[in-house]
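Worksheet: the structure to be examined is printed underneath.
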Amino acid sequence: MYPANSGADFLCEGSVPGGWGDVLEHVGPGNDWNWNPILSFSEVFQFSDIKSVDANKAIEFSIKRSALGTMSNFVNFAIIESNEGWTEIGTLPVSQTPESKFTQIEL
């Protein structure tokens, strides 16, 4: 999905409208798909209501920085929306290209 510098340390997986989800920490070597749940969404996230803005859906959210351990002055970030069958609906930033990489956000 994000081949250029992916290497995620955390995976946040759940449903914002459903109000459930977990934060998982990567525990495997390299690119192995091994994750341990460490916190729930309710312990880490605050979400606004989903709103319509210019015919698009929008949401604001915050993440408790302390929940992600020691970090540098930035965080690499991506959002992947999928349906119940894990079919990808959309991504921020764009994925599935050789140049795809996470968005870097200064802290």
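By convention in this document, the chains of the structure tokens carry letters A, B, ... by their order, each chain's residues are numbered from 1, and ligands are numbered from 1 in the order they are shown.
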- [ ] Check stretch 9-45 of chain A with DSSP on the backbone and list each residue it calls strand (DSSP E or B), as a PyMOL selection string.
- [x] chain A and resi 10-15+20-26+35-40+45
Export of the given selection (C-alpha atoms) as a CSV table (one decimal), in the first residue's frame:
chain,number,residue,atom,x,y,z
A,10,PHE,CA,1.2,1.5,15.2
A,11,LEU,CA,-2.1,0.5,13.5
A,12,CYS,CA,-5.4,2.1,14.5
A,13,GLU,CA,-8.3,-0.1,13.4
A,14,GLY,CA,-12.0,0.3,14.1
A,15,SER,CA,-15.1,2.2,13.3
A,20,TRP,CA,-15.2,0.9,18.7
A,21,GLY,CA,-11.6,0.2,17.7
A,22,ASP,CA,-8.1,-0.6,18.9
A,23,VAL,CA,-4.6,0.8,18.7
A,24,LEU,CA,-2.1,-2.0,17.9
A,25,GLU,CA,1.6,-2.0,18.2
A,26,HIS,CA,3.9,-3.7,15.6
A,35,TRP,CA,0.4,-6.6,15.9
A,36,ASN,CA,-0.6,-6.6,19.6
A,37,PRO,CA,-3.5,-4.5,20.9
A,38,ILE,CA,-2.4,-2.0,23.4
A,39,LEU,CA,-5.2,0.5,23.8
A,40,SER,CA,-8.8,1.1,22.8
A,45,PHE,CA,-8.9,9.3,20.3
Open item on the list: Applying 7 Å and only C-alpha atoms, which residues near A:Phe74 remain after dropping the ones on its own chain fewer than 3 positions away? List them as a count of residues only.
Closed with: 4
- [ ] Rank A:Gly19, A:Gly30, A:Ala78, A:Asn73 by their smallest atom-to-atom distance to A:Asp49, using only C-alpha atoms, and report the top residue only.
- [x] A:Gly19
Open item on the list: Quick check, in Å to one decimal: how far apart do atom CA of A:Pro17 and atom CA of A:Ile50 lie?
Closed with: 8.1 Å
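All residues of chain A that DSSP, run on the backbone, classes as helix (DSSP H, G or I) are Phe41, Ser42, Glu43, Val44, Arg65, Ser66, Ala67 and Leu68 of chain A.
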Task: atom CA of A:Glu60 to atom CA of A:Asn34, distance in Å rounded to a single decimal - done: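 Spanning atom CA of A:Glu60 to atom CA of A:Asn34 is a straight-line distance of 28.9 Å.
When only C-alpha atoms are used to compute distances to A:Ser62, the closest of the residues A:Ile80, A:Glu99, A:Ser42, A:Val94 turns out to be A:Ser42.
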